[in-house]
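One file, start_38.cif, carrying mmCIF, C-alpha atoms and all ligand atoms:
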data_coords
loop_
_atom_site.group_PDB
_atom_site.id
_atom_site.type_symbol
_atom_site.label_atom_id
_atom_site.label_comp_id
_atom_site.auth_asym_id
_atom_site.auth_seq_id
_atom_site.Cartn_x
_atom_site.Cartn_y
_atom_site.Cartn_z
ATOM 1 C CA MET A 1 10.857 -0.573 -20.374
ATOM 2 C CA THR A 2 12.314 -3.912 -19.503
ATOM 3 C CA GLY A 3 11.128 -7.366 -20.455
ATOM 4 C CA PRO A 4 8.062 -9.085 -19.045
ATOM 5 C CA SER A 5 10.143 -11.093 -16.586
ATOM 6 C CA ALA A 6 11.651 -8.049 -14.868
ATOM 7 C CA PRO A 7 10.603 -7.444 -11.277
ATOM 8 C CA ARG A 8 8.611 -4.343 -10.725
ATOM 9 C CA SER A 9 7.791 -2.072 -7.919
ATOM 10 C CA HIS A 10 4.786 0.122 -7.381
ATOM 11 C CA GLY A 11 5.014 3.186 -5.260
ATOM 12 C CA ARG A 12 8.352 2.667 -3.540
ATOM 13 C CA LEU A 13 11.783 1.138 -3.719
ATOM 14 C CA ALA A 14 12.367 -1.516 -6.331
ATOM 15 C CA LEU A 15 13.553 -4.941 -5.277
ATOM 16 C CA ARG A 16 16.373 -6.205 -7.422
ATOM 17 C CA PRO A 17 16.222 -9.929 -7.961
ATOM 18 C CA SER A 18 17.544 -9.418 -11.478
ATOM 19 C CA ALA A 19 19.529 -6.748 -13.239
ATOM 20 C CA GLN A 20 16.681 -4.618 -14.453
ATOM 21 C CA PRO A 21 14.074 -3.570 -11.938
ATOM 22 C CA ARG A 22 11.122 -1.767 -13.362
ATOM 23 C CA ASP A 23 9.494 1.005 -11.426
ATOM 24 C CA LEU A 24 6.075 1.746 -12.873
ATOM 25 C CA MET A 25 5.468 4.640 -10.536
ATOM 26 C CA ALA A 26 7.228 8.001 -10.511
ATOM 27 C CA GLU A 27 10.212 8.458 -8.193
ATOM 28 C CA SER A 28 8.486 11.417 -6.550
ATOM 29 C CA ARG A 29 6.074 8.993 -4.964
ATOM 30 C CA VAL A 30 8.773 7.113 -3.087
ATOM 31 C CA ALA A 31 7.691 6.981 0.534
ATOM 32 C CA ALA A 32 10.233 5.367 2.802
ATOM 33 C CA GLY A 33 8.564 3.535 5.643
ATOM 34 C CA ALA A 34 5.157 3.249 3.966
ATOM 35 C CA TRP A 35 3.226 0.028 4.574
ATOM 36 C CA THR A 36 4.484 -2.372 1.927
ATOM 37 C CA ALA A 37 3.110 -5.506 0.289
ATOM 38 C CA ARG A 38 5.772 -7.746 -1.256
ATOM 39 C CA VAL A 39 4.132 -10.241 -3.546
ATOM 40 C CA ILE A 40 5.944 -13.296 -4.892
ATOM 41 C CA THR A 41 4.286 -14.279 -8.136
ATOM 42 C CA LEU A 42 4.785 -15.831 -11.542
ATOM 43 C CA PHE A 43 2.483 -13.112 -12.875
ATOM 44 C CA PRO A 44 3.762 -9.682 -11.810
ATOM 45 C CA ASP A 45 1.642 -8.197 -14.624
ATOM 46 C CA ALA A 46 -1.397 -8.969 -12.493
ATOM 47 C CA PHE A 47 -0.282 -6.156 -10.134
ATOM 48 C CA PRO A 48 -1.362 -3.610 -9.111
ATOM 49 C CA GLY A 49 -4.480 -4.735 -11.001
ATOM 50 C CA THR A 50 -7.609 -3.499 -9.254
ATOM 51 C CA LEU A 51 -5.427 -2.138 -6.451
ATOM 52 C CA GLY A 52 -4.305 0.549 -8.913
ATOM 53 C CA LEU A 53 -7.875 1.895 -9.162
ATOM 54 C CA SER A 54 -9.947 4.242 -7.043
ATOM 55 C CA LEU A 55 -8.960 4.893 -3.428
ATOM 56 C CA THR A 56 -6.303 2.184 -3.129
ATOM 57 C CA GLY A 57 -4.768 3.351 -6.415
ATOM 58 C CA LYS A 58 -4.679 6.996 -5.343
ATOM 59 C CA ALA A 59 -3.157 6.009 -2.015
ATOM 60 C CA LEU A 60 -0.542 3.942 -3.855
ATOM 61 C CA GLU A 61 0.331 6.936 -6.013
ATOM 62 C CA MET A 62 0.516 9.167 -2.959
ATOM 63 C CA GLY A 63 2.931 6.743 -1.303
ATOM 64 C CA LEU A 64 0.587 5.912 1.592
ATOM 65 C CA TRP A 65 1.452 2.290 0.840
ATOM 66 C CA ALA A 66 3.765 0.487 -1.576
ATOM 67 C CA LEU A 67 3.593 -2.630 -3.682
ATOM 68 C CA GLU A 68 6.575 -4.694 -4.782
ATOM 69 C CA ALA A 69 6.029 -7.653 -7.060
ATOM 70 C CA ILE A 70 8.815 -10.227 -6.994
ATOM 71 C CA ASP A 71 8.833 -12.181 -10.213
ATOM 72 C CA LEU A 72 9.475 -15.871 -9.667
ATOM 73 C CA ARG A 73 10.466 -16.584 -13.268
ATOM 74 C CA PRO A 74 13.979 -15.047 -13.340
ATOM 75 C CA LEU A 75 14.743 -16.999 -10.172
ATOM 76 C CA GLY A 76 14.038 -20.310 -11.919
ATOM 77 C CA GLU A 77 16.495 -23.127 -12.580
ATOM 78 C CA GLY A 78 18.648 -23.486 -15.651
ATOM 79 C CA ARG A 79 18.454 -21.952 -19.061
ATOM 80 C CA HIS A 80 14.676 -22.265 -19.142
ATOM 81 C CA ARG A 81 14.254 -20.767 -15.688
ATOM 82 C CA ASN A 82 12.123 -23.676 -14.542
ATOM 83 C CA VAL A 83 10.106 -22.861 -11.455
ATOM 84 C CA ASP A 84 8.028 -26.023 -11.153
ATOM 85 C CA ASP A 85 8.261 -29.788 -11.463
ATOM 86 C CA THR A 86 6.120 -32.892 -11.165
ATOM 87 C CA PRO A 87 4.828 -33.879 -7.710
ATOM 88 C CA ALA A 88 6.929 -36.361 -5.767
ATOM 89 C CA GLY A 89 4.853 -39.523 -5.375
ATOM 90 C CA GLY A 90 3.047 -38.899 -8.643
ATOM 91 C CA GLY A 91 -0.283 -37.326 -9.447
ATOM 92 C CA ALA A 92 -1.575 -34.564 -11.664
ATOM 93 C CA GLY A 93 -0.091 -31.135 -12.173
ATOM 94 C CA MET A 94 3.076 -29.378 -11.156
ATOM 95 C CA VAL A 95 4.483 -28.057 -7.896
ATOM 96 C CA LEU A 96 6.518 -24.870 -7.392
ATOM 97 C CA ARG A 97 10.084 -25.809 -6.449
ATOM 98 C CA ALA A 98 11.368 -25.242 -2.919
ATOM 99 C CA ASP A 99 14.758 -23.878 -4.041
ATOM 100 C CA VAL A 100 13.211 -21.360 -6.429
ATOM 101 C CA MET A 101 10.662 -20.163 -3.860
ATOM 102 C CA HIS A 102 13.461 -19.963 -1.289
ATOM 103 C CA ARG A 103 15.333 -17.457 -3.477
ATOM 104 C CA ALA A 104 12.223 -15.337 -3.749
ATOM 105 C CA LEU A 105 11.711 -15.420 0.021
ATOM 106 C CA GLU A 106 15.330 -14.372 0.578
ATOM 107 C CA ILE A 107 14.739 -11.352 -1.644
ATOM 108 C CA ALA A 108 11.399 -10.619 0.016
ATOM 109 C CA SER A 109 12.849 -10.809 3.523
ATOM 110 C CA ALA A 110 15.623 -8.287 2.842
ATOM 111 C CA GLY A 111 15.296 -5.432 5.288
ATOM 112 C CA THR A 112 12.091 -6.688 6.891
ATOM 113 C CA PRO A 113 11.649 -7.118 10.656
ATOM 114 C CA VAL A 114 12.308 -10.653 11.951
ATOM 115 C CA ASP A 115 9.277 -10.413 14.200
ATOM 116 C CA ARG A 116 6.406 -11.883 12.192
ATOM 117 C CA ALA A 117 3.798 -9.726 13.882
ATOM 118 C CA SER A 118 5.568 -6.704 12.343
ATOM 119 C CA TRP A 119 5.787 -8.369 8.951
ATOM 120 C CA PRO A 120 3.527 -11.391 8.343
ATOM 121 C CA THR A 121 4.802 -13.852 5.743
ATOM 122 C CA VAL A 122 1.907 -15.641 4.143
ATOM 123 C CA TYR A 123 1.191 -18.305 1.561
ATOM 124 C CA LEU A 124 -2.230 -17.852 -0.019
ATOM 125 C CA SER A 125 -3.782 -21.281 0.156
ATOM 126 C CA PRO A 126 -7.198 -22.918 0.365
ATOM 127 C CA ARG A 127 -5.786 -24.933 3.286
ATOM 128 C CA GLY A 128 -5.061 -21.772 5.242
ATOM 129 C CA LYS A 129 -6.830 -19.983 8.035
ATOM 130 C CA PRO A 130 -9.753 -18.047 6.536
ATOM 131 C CA PHE A 131 -8.944 -14.334 6.198
ATOM 132 C CA THR A 132 -10.973 -12.025 8.436
ATOM 133 C CA GLN A 133 -11.404 -8.326 9.108
ATOM 134 C CA ALA A 134 -9.480 -8.843 12.366
ATOM 135 C CA MET A 135 -6.477 -10.100 10.368
ATOM 136 C CA ALA A 136 -6.755 -7.115 8.035
ATOM 137 C CA ARG A 137 -6.642 -4.859 11.099
ATOM 138 C CA ASP A 138 -3.557 -6.635 12.476
ATOM 139 C CA TRP A 139 -1.791 -6.509 9.134
ATOM 140 C CA ALA A 140 -2.559 -2.793 8.737
ATOM 141 C CA GLN A 141 -0.720 -2.264 12.047
ATOM 142 C CA ALA A 142 2.355 -4.107 10.731
ATOM 143 C CA GLN A 143 5.088 -2.532 8.578
ATOM 144 C CA GLY A 144 4.099 -4.702 5.637
ATOM 145 C CA VAL A 145 3.451 -8.260 4.498
ATOM 146 C CA THR A 146 5.021 -10.776 2.155
ATOM 147 C CA LEU A 147 2.480 -12.777 0.174
ATOM 148 C CA ILE A 148 3.318 -15.915 -1.794
ATOM 149 C CA CYS A 149 0.992 -16.593 -4.711
ATOM 150 C CA GLY A 150 0.868 -20.272 -5.552
ATOM 151 C CA ARG A 151 0.111 -21.698 -8.983
ATOM 152 C CA PHE A 152 -0.507 -25.232 -10.289
ATOM 153 C CA GLU A 153 -0.785 -27.669 -7.352
ATOM 154 C CA GLY A 154 0.889 -25.237 -4.992
ATOM 155 C CA VAL A 155 4.295 -24.915 -3.341
ATOM 156 C CA ASP A 156 6.754 -27.566 -2.074
ATOM 157 C CA GLN A 157 5.921 -28.068 1.605
ATOM 158 C CA ARG A 158 9.554 -27.837 2.736
ATOM 159 C CA VAL A 159 9.921 -24.184 1.873
ATOM 160 C CA ILE A 160 6.694 -23.360 3.722
ATOM 161 C CA ASP A 161 7.992 -25.217 6.795
ATOM 162 C CA HIS A 162 11.524 -23.822 6.536
ATOM 163 C CA TRP A 163 10.322 -20.216 6.556
ATOM 164 C CA ALA A 164 7.476 -20.912 9.002
ATOM 165 C CA VAL A 165 5.109 -19.355 6.501
ATOM 166 C CA GLU A 166 1.531 -18.821 7.669
ATOM 167 C CA GLU A 167 -1.170 -20.146 5.320
ATOM 168 C CA VAL A 168 -4.185 -17.912 4.744
ATOM 169 C CA SER A 169 -7.255 -18.646 2.636
ATOM 170 C CA LEU A 170 -9.655 -16.322 0.853
ATOM 171 C CA GLY A 171 -12.479 -18.820 1.388
ATOM 172 C CA ASP A 172 -13.594 -22.392 0.888
ATOM 173 C CA PHE A 173 -13.110 -22.615 -2.860
ATOM 174 C CA VAL A 174 -10.143 -23.237 -5.149
ATOM 175 C CA LEU A 175 -8.670 -20.510 -7.350
ATOM 176 C CA THR A 176 -6.207 -21.098 -10.185
ATOM 177 C CA GLY A 177 -3.578 -18.966 -8.493
ATOM 178 C CA GLY A 178 -2.932 -16.816 -5.450
ATOM 179 C CA GLU A 179 -2.915 -13.461 -7.272
ATOM 180 C CA ILE A 180 -6.619 -12.660 -6.885
ATOM 181 C CA ALA A 181 -6.494 -13.720 -3.250
ATOM 182 C CA ALA A 182 -3.403 -11.544 -2.672
ATOM 183 C CA GLN A 183 -5.178 -8.551 -4.166
ATOM 184 C CA ALA A 184 -8.252 -9.143 -2.029
ATOM 185 C CA LEU A 185 -6.186 -9.361 1.164
ATOM 186 C CA ILE A 186 -4.088 -6.319 0.280
ATOM 187 C CA ASP A 187 -7.223 -4.326 -0.553
ATOM 188 C CA ALA A 188 -8.882 -5.201 2.758
ATOM 189 C CA THR A 189 -5.704 -4.240 4.637
ATOM 190 C CA VAL A 190 -4.685 -1.095 2.801
ATOM 191 C CA ARG A 191 -8.072 0.574 3.214
ATOM 192 C CA LEU A 192 -7.527 0.452 6.992
ATOM 193 C CA ILE A 193 -4.294 2.459 6.736
ATOM 194 C CA PRO A 194 -4.961 6.036 7.886
ATOM 195 C CA ARG A 195 -5.830 8.462 5.056
ATOM 196 C CA VAL A 196 -6.399 5.717 2.456
ATOM 197 C CA LEU A 197 -10.171 5.968 2.784
ATOM 198 C CA GLY A 198 -11.267 9.563 2.390
ATOM 199 C CA ASN A 199 -13.703 9.267 5.255
ATOM 200 C CA GLN A 200 -12.227 7.211 8.091
ATOM 201 C CA MET A 201 -15.670 6.943 9.674
ATOM 202 C CA SER A 202 -16.844 4.620 6.944
ATOM 203 C CA ALA A 203 -14.325 1.980 8.066
ATOM 204 C CA GLU A 204 -15.552 2.268 11.631
ATOM 205 C CA GLU A 205 -19.211 1.698 10.822
ATOM 206 C CA GLU A 206 -19.081 -0.968 8.170
ATOM 207 C CA SER A 207 -19.619 -4.731 8.296
ATOM 208 C CA PHE A 208 -17.513 -6.655 10.843
ATOM 209 C CA SER A 209 -16.086 -3.516 12.437
ATOM 210 C CA GLU A 210 -18.032 -4.300 15.605
ATOM 211 C CA GLY A 211 -18.740 -7.929 14.863
ATOM 212 C CA LEU A 212 -22.022 -7.133 13.096
ATOM 213 C CA LEU A 213 -22.992 -6.960 9.445
ATOM 214 C CA GLU A 214 -23.776 -3.478 8.189
ATOM 215 C CA PHE A 215 -27.267 -1.950 8.246
ATOM 216 C CA PRO A 216 -29.003 -1.357 4.866
ATOM 217 C CA GLN A 217 -27.984 1.790 2.972
ATOM 218 C CA TYR A 218 -30.215 4.082 0.895
ATOM 219 C CA THR A 219 -29.748 7.166 -1.255
ATOM 220 C CA ARG A 220 -31.749 9.205 -3.770
ATOM 221 C CA PRO A 221 -34.424 9.099 -5.058
ATOM 222 C CA PRO A 222 -36.567 8.997 -1.896
ATOM 223 C CA LEU A 223 -39.247 7.003 -3.709
ATOM 224 C CA TRP A 224 -38.158 4.470 -6.315
ATOM 225 C CA GLU A 225 -40.384 1.886 -8.043
ATOM 226 C CA GLY A 226 -42.900 2.344 -5.243
ATOM 227 C CA ARG A 227 -40.259 1.709 -2.564
ATOM 228 C CA ALA A 228 -39.654 4.481 -0.043
ATOM 229 C CA ILE A 229 -36.580 5.113 2.068
ATOM 230 C CA PRO A 230 -37.469 4.297 5.716
ATOM 231 C CA ASP A 231 -38.921 7.501 7.269
ATOM 232 C CA ILE A 232 -36.546 7.439 10.183
ATOM 233 C CA LEU A 233 -33.571 8.033 7.875
ATOM 234 C CA LEU A 234 -35.167 11.216 6.550
ATOM 235 C CA SER A 235 -36.185 12.446 10.030
ATOM 236 C CA GLY A 236 -32.900 14.195 10.800
ATOM 237 C CA HIS A 237 -33.040 12.636 14.285
ATOM 238 C CA HIS A 238 -29.495 11.360 14.643
ATOM 239 C CA ALA A 239 -29.901 9.404 17.888
ATOM 240 C CA LYS A 240 -32.944 7.572 16.514
ATOM 241 C CA ILE A 241 -31.156 6.883 13.242
ATOM 242 C CA THR A 242 -28.208 5.371 15.139
ATOM 243 C CA ASP A 243 -30.609 3.156 17.127
ATOM 244 C CA TRP A 244 -32.451 2.066 14.008
ATOM 245 C CA ARG A 245 -29.219 1.210 12.234
ATOM 246 C CA ARG A 246 -27.934 -0.828 15.150
ATOM 247 C CA GLY A 247 -31.262 -2.686 15.308
ATOM 248 C CA GLN A 248 -31.032 -3.465 11.596
ATOM 249 C CA ALA A 249 -27.399 -4.568 11.886
ATOM 250 C CA GLU A 250 -28.338 -6.914 14.726
ATOM 251 C CA ARG A 251 -31.363 -8.279 12.875
ATOM 252 C CA LEU A 252 -29.350 -8.985 9.711
ATOM 253 C CA THR A 253 -26.477 -10.568 11.613
ATOM 254 C CA LYS A 254 -28.834 -12.794 13.608
ATOM 255 C CA GLN A 255 -30.645 -13.901 10.430
ATOM 256 C CA ARG A 256 -27.677 -14.382 8.142
ATOM 257 C CA ARG A 257 -24.692 -15.158 10.306
ATOM 258 C CA PRO A 258 -25.609 -17.049 13.475
ATOM 259 C CA ASP A 259 -21.869 -17.632 14.031
ATOM 260 C CA LEU A 260 -21.143 -13.884 14.156
ATOM 261 C CA TRP A 261 -24.284 -13.264 16.182
ATOM 262 C CA ARG A 262 -23.277 -15.737 18.889
ATOM 263 C CA ALA A 263 -19.783 -14.212 19.119
ATOM 264 C CA TYR A 264 -21.261 -10.707 19.314
ATOM 265 C CA CYS A 265 -23.687 -11.713 22.076
ATOM 266 C CA ALA A 266 -20.908 -13.398 24.036
ATOM 267 C CA ALA A 267 -18.772 -10.245 23.764
ATOM 268 C CA HIS A 268 -21.659 -7.999 24.881
ATOM 269 C CA GLY A 269 -23.114 -10.232 27.621
ATOM 270 C CA ARG A 270 -26.303 -10.831 25.667
ATOM 271 C CA ASP A 271 -28.413 -13.904 25.190
ATOM 272 C CA PRO A 272 -28.257 -14.933 21.489
ATOM 273 C CA ASP A 273 -31.794 -16.320 21.721
ATOM 274 C CA GLU A 274 -33.287 -13.226 23.332
ATOM 275 C CA ASP A 275 -36.534 -12.155 21.765
ATOM 276 C CA ARG A 276 -35.854 -8.475 21.482
ATOM 277 C CA GLU A 277 -37.847 -6.419 19.013
ATOM 278 C CA LEU A 278 -35.260 -5.984 16.317
HETATM 279 N N1 LIG B 1 -3.823 -28.178 -4.913
HETATM 280 C C1 LIG B 1 -4.141 -27.108 -4.028
HETATM 281 C C2 LIG B 1 -4.786 -25.935 -4.767
HETATM 282 C C3 LIG B 1 -3.864 -25.237 -5.699
HETATM 283 S S1 LIG B 1 -4.636 -23.896 -6.464
HETATM 284 C C4 LIG B 1 -5.118 -27.597 -2.969
HETATM 285 O O1 LIG B 1 -5.952 -28.438 -3.285
HETATM 286 O O2 LIG B 1 -5.072 -27.096 -1.827
HETATM 287 C C5 LIG B 1 -3.262 -22.937 -6.957
HETATM 288 C C6 LIG B 1 -2.915 -21.774 -6.060
HETATM 289 O O3 LIG B 1 -4.007 -20.881 -6.000
HETATM 290 C C7 LIG B 1 -2.614 -22.127 -4.620
HETATM 291 O O4 LIG B 1 -1.285 -22.489 -4.461
HETATM 292 C C8 LIG B 1 -2.943 -20.842 -3.901
HETATM 293 O O5 LIG B 1 -1.844 -19.943 -3.856
HETATM 294 C C9 LIG B 1 -4.040 -20.241 -4.750
HETATM 295 N N2 LIG B 1 -5.368 -20.440 -4.158
HETATM 296 C C10 LIG B 1 -6.315 -21.287 -4.596
HETATM 297 N N3 LIG B 1 -7.410 -21.227 -3.834
HETATM 298 C C11 LIG B 1 -7.182 -20.306 -2.884
HETATM 299 C C12 LIG B 1 -7.938 -19.806 -1.785
HETATM 300 N N4 LIG B 1 -9.153 -20.225 -1.514
HETATM 301 N N5 LIG B 1 -7.366 -18.858 -1.024
HETATM 302 C C13 LIG B 1 -6.118 -18.412 -1.271
HETATM 303 N N6 LIG B 1 -5.354 -18.852 -2.285
HETATM 304 C C14 LIG B 1 -5.873 -19.788 -3.094
#
When written as structure tokens, how does the structure in this file appear?
Amino acid sequence: MTGPSAPRSHGRLALRPSAQPRDLMAESRVAAGAWTARVITLFPDAFPGTLGLSLTGKALEMGLWALEAIDLRPLGEGRHRNVDDTPAGGGAGMVLRADVMHRALEIASAGTPVDRASWPTVYLSPRGKPFTQAMARDWAQAQGVTLICGRFEGVDQRVIDHWAVEEVSLGDFVLTGGEIAAQALIDATVRLIPRVLGNQMSAEEESFSEGLLEFPQYTRPPLWEGRAIPDILLSGHHAKITDWRRGQAERLTKQRRPDLWRAYCAAHGRDPDEDREL
């Protein structure tokens, strides 16, 4: 075991920003060419976090994808390895230094394709473009991604501009750091990699896959607290079940997400205000 500031790798090759990389996963799981998330963070201990559990965790162990945390701390300035400083122009908090983040991005870019579509480089930020299922699909097609987790007031703008880093947001709220957002984005992406989900069909039917929210799901018992499962689902009539589910998905989307509903109608040549029996 190495110290808490050592970089660590999960599932594949270790990156070596300092002398002592730490590979938490067994060598037998090394899978050259697997989809890889490189995460620049002050808190490598936060990884794999929830990504190490359940299906994403099993897939990580199997080498279907890889996770490499690049620790910002050893890349810091001076004896104290300072990574942040006060904001130019004054104001509260601290800002992550451009030179320190630059070193991390140099390490992260080693061996990655120059073409950003093949390897998106992203700063998690509330100012960014909101993350969507479509982005998860694009990222799953890439060879990997580099994610920068901010802390404090964020990252010096110059390093974002210099590397033409794309900013992506988890949603319209402010987190303390980018680590939770990075895990959310990686989770959404990794589950679209073939064989990560046991049953690939579930990714095809779920919310957003066709621009609609998912239909309601039921399981045993058939009657619970006086509430029955809709008869149609117990009928064994697959075509009718498919129709019912689509109707429910449309009804829910129309009610809850008029923005998605309008986009769906435009894509399918339908009138969003149509008065169909849903
Ligand atoms: N001062 C910044 C917020 C900094 S929050 C602002 O007002 O825009 C600290 C870090 O948390 C950010 O650098 C970012 O990496 C992360 N973060 C916070 N909210 C986020 C969100 N909604 N999506 C993605 N990352 C977020």
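The binding environment of ligand LIG 1 (chain B), defined as every protein, DNA or RNA residue with an atom no more than 6 Å away and counting all atoms listed in the file, comprises Leu124, Ser125, Pro126, Arg127, Cys149, Gly150, Arg151, Phe152, Glu153, Gly154, Ser169, Leu170, Gly171, Asp172, Phe173, Val174, Leu175, Thr176, Gly177, Gly178 and Ala181 of chain A.
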Checklist outcome for this item: Of A:Thr219, A:Gln255, A:Thr189, A:Gln183, the one sitting nearest A:Gly52 when using only C-alpha atoms is A:Gln183
What would the selection look like, as an mmCIF file with C-alpha atoms, in the frame of the given file, if the PyMOL selection byres (((chain A and resi 94-103) around 10) and not hetatm) were run on the coordinates I just shared?
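Here's the written file expr_25.cif:
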data_model
loop_
_atom_site.group_PDB
_atom_site.id
_atom_site.type_symbol
_atom_site.label_atom_id
_atom_site.label_comp_id
_atom_site.auth_asym_id
_atom_site.auth_seq_id
_atom_site.Cartn_x
_atom_site.Cartn_y
_atom_site.Cartn_z
ATOM 1 C CA PRO A 17 16.222 -9.929 -7.961
ATOM 2 C CA ILE A 40 5.944 -13.296 -4.892
ATOM 3 C CA THR A 41 4.286 -14.279 -8.136
ATOM 4 C CA LEU A 72 9.475 -15.871 -9.667
ATOM 5 C CA ARG A 73 10.466 -16.584 -13.268
ATOM 6 C CA PRO A 74 13.979 -15.047 -13.340
ATOM 7 C CA LEU A 75 14.743 -16.999 -10.172
ATOM 8 C CA GLY A 76 14.038 -20.310 -11.919
ATOM 9 C CA GLU A 77 16.495 -23.127 -12.580
ATOM 10 C CA ARG A 81 14.254 -20.767 -15.688
ATOM 11 C CA ASN A 82 12.123 -23.676 -14.542
ATOM 12 C CA VAL A 83 10.106 -22.861 -11.455
ATOM 13 C CA ASP A 84 8.028 -26.023 -11.153
ATOM 14 C CA ASP A 85 8.261 -29.788 -11.463
ATOM 15 C CA THR A 86 6.120 -32.892 -11.165
ATOM 16 C CA PRO A 87 4.828 -33.879 -7.710
ATOM 17 C CA ALA A 88 6.929 -36.361 -5.767
ATOM 18 C CA GLY A 90 3.047 -38.899 -8.643
ATOM 19 C CA GLY A 91 -0.283 -37.326 -9.447
ATOM 20 C CA ALA A 92 -1.575 -34.564 -11.664
ATOM 21 C CA GLY A 93 -0.091 -31.135 -12.173
ATOM 22 C CA ALA A 104 12.223 -15.337 -3.749
ATOM 23 C CA LEU A 105 11.711 -15.420 0.021
ATOM 24 C CA GLU A 106 15.330 -14.372 0.578
ATOM 25 C CA ILE A 107 14.739 -11.352 -1.644
ATOM 26 C CA ALA A 108 11.399 -10.619 0.016
ATOM 27 C CA SER A 109 12.849 -10.809 3.523
ATOM 28 C CA ILE A 148 3.318 -15.915 -1.794
ATOM 29 C CA GLY A 150 0.868 -20.272 -5.552
ATOM 30 C CA ARG A 151 0.111 -21.698 -8.983
ATOM 31 C CA PHE A 152 -0.507 -25.232 -10.289
ATOM 32 C CA GLU A 153 -0.785 -27.669 -7.352
ATOM 33 C CA GLY A 154 0.889 -25.237 -4.992
ATOM 34 C CA VAL A 155 4.295 -24.915 -3.341
ATOM 35 C CA ASP A 156 6.754 -27.566 -2.074
ATOM 36 C CA GLN A 157 5.921 -28.068 1.605
ATOM 37 C CA ARG A 158 9.554 -27.837 2.736
ATOM 38 C CA VAL A 159 9.921 -24.184 1.873
ATOM 39 C CA ILE A 160 6.694 -23.360 3.722
ATOM 40 C CA HIS A 162 11.524 -23.822 6.536
ATOM 41 C CA TRP A 163 10.322 -20.216 6.556
#
For the contact check between stretch 110-218 of chain A and stretch 256-263 of chain A, emit one row per residue of stretch 110-218 of chain A within 12 Å, containing the shortest atom pair and the distance in Å rounded to one decimal, counting all atoms listed in the file, chain then rising number order, as JSON lines.
{"residue": "A:Thr132", "atom": "CA", "partner": "A:Leu260", "partner_atom": "CA", "distance": 11.8}
{"residue": "A:Ser207", "atom": "CA", "partner": "A:Leu260", "partner_atom": "CA", "distance": 11.0}
{"residue": "A:Phe208", "atom": "CA", "partner": "A:Leu260", "partner_atom": "CA", "distance": 8.7}
{"residue": "A:Ser209", "atom": "CA", "partner": "A:Leu260", "partner_atom": "CA", "distance": 11.7}
{"residue": "A:Glu210", "atom": "CA", "partner": "A:Leu260", "partner_atom": "CA", "distance": 10.2}
{"residue": "A:Gly211", "atom": "CA", "partner": "A:Leu260", "partner_atom": "CA", "distance": 6.5}
{"residue": "A:Leu212", "atom": "CA", "partner": "A:Leu260", "partner_atom": "CA", "distance": 6.9}
{"residue": "A:Leu213", "atom": "CA", "partner": "A:Arg257", "partner_atom": "CA", "distance": 8.4}
{"residue": "A:Glu214", "atom": "CA", "partner": "A:Arg256", "partner_atom": "CA", "distance": 11.6}
Contact check, stretch 88-149 of chain A to stretch 201-206 of chain A, at most 12 Å, counting all atoms listed in the file, closest pairs as JSON lines:
{"residue": "A:Gln133", "atom": "CA", "partner": "A:Glu206", "partner_atom": "CA", "distance": 10.7}
{"residue": "A:Ala136", "atom": "CA", "partner": "A:Ala203", "partner_atom": "CA", "distance": 11.8}
{"residue": "A:Arg137", "atom": "CA", "partner": "A:Ala203", "partner_atom": "CA", "distance": 10.7}
Checklist entry - How would you write, as number ranges by chain, the residues chosen by the PyMOL selection byres (((chain A and resi 193) around 10) and not hetatm) on this structure? => result A: 34-35, 59, 64-65, 136-137, 139-141, 188-192, 194-197, 200
Given the selection you just returned, output its residues as a file containing C-alpha atoms, formatted as a short mmCIF file (atom, residue, chain, number, x, y, z; two decimals), in the frame of the given file.
data_model
loop_
_atom_site.label_atom_id
_atom_site.label_comp_id
_atom_site.auth_asym_id
_atom_site.auth_seq_id
_atom_site.Cartn_x
_atom_site.Cartn_y
_atom_site.Cartn_z
CA ALA A 34 5.16 3.25 3.97
CA TRP A 35 3.23 0.03 4.57
CA ALA A 59 -3.16 6.01 -2.02
CA LEU A 64 0.59 5.91 1.59
CA TRP A 65 1.45 2.29 0.84
CA ALA A 136 -6.76 -7.12 8.04
CA ARG A 137 -6.64 -4.86 11.10
CA TRP A 139 -1.79 -6.51 9.13
CA ALA A 140 -2.56 -2.79 8.74
CA GLN A 141 -0.72 -2.26 12.05
CA ALA A 188 -8.88 -5.20 2.76
CA THR A 189 -5.70 -4.24 4.64
CA VAL A 190 -4.68 -1.10 2.80
CA ARG A 191 -8.07 0.57 3.21
CA LEU A 192 -7.53 0.45 6.99
CA PRO A 194 -4.96 6.04 7.89
CA ARG A 195 -5.83 8.46 5.06
CA VAL A 196 -6.40 5.72 2.46
CA LEU A 197 -10.17 5.97 2.78
CA GLN A 200 -12.23 7.21 8.09
#
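As for atom CA of A:Leu67 and atom CA of A:Leu53, they are spaced 13.5 Å apart.
Here atom CA of A:Glu250 stands at a distance of 12.6 Å from atom CA of A:Asp271.
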Checklist entry - So how many Å separate atom CA of A:Gly226 and atom CA of A:Thr253, to one decimal? => result 26.8 Å
Checklist entry - Near A:Ser118, within 6 Å and counting all atoms listed in the file, which residues show up once chain neighbours fewer than 3 positions away are dropped, as a ChimeraX atom specification? => result /A:115,142-143
Checklist entry - For A:Lys254, which residue among A:Glu274, A:Ser235, A:His268, A:Ala69 is the nearest when counting only C-alpha atoms? => result A:Glu274
Next on the checklist: Residues proximal to (2.1, -16.3, 1.5) were defined as those with any atom within 7 Å of that point in the file's coordinates, counting all atoms listed in the file. Which are they, as a ChimeraX atom specification?
Outcome noted: /A:121-124,146-149,165-167
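You can rank A:Gly144, A:Pro120, A:Gly128, A:Gly236 by their closest distance to A:Thr36 using all atoms listed in the file, and at the top of that list sits A:Gly144.
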Checklist entry - Using the chain letters and numbers from the file, which residues does the PyMOL selection byres (((chain A and resi 239-244) around 12) and not hetatm) grab, as a PyMOL selection string? => result chain A and resi 205+214-217+230-238+245-251+277-278
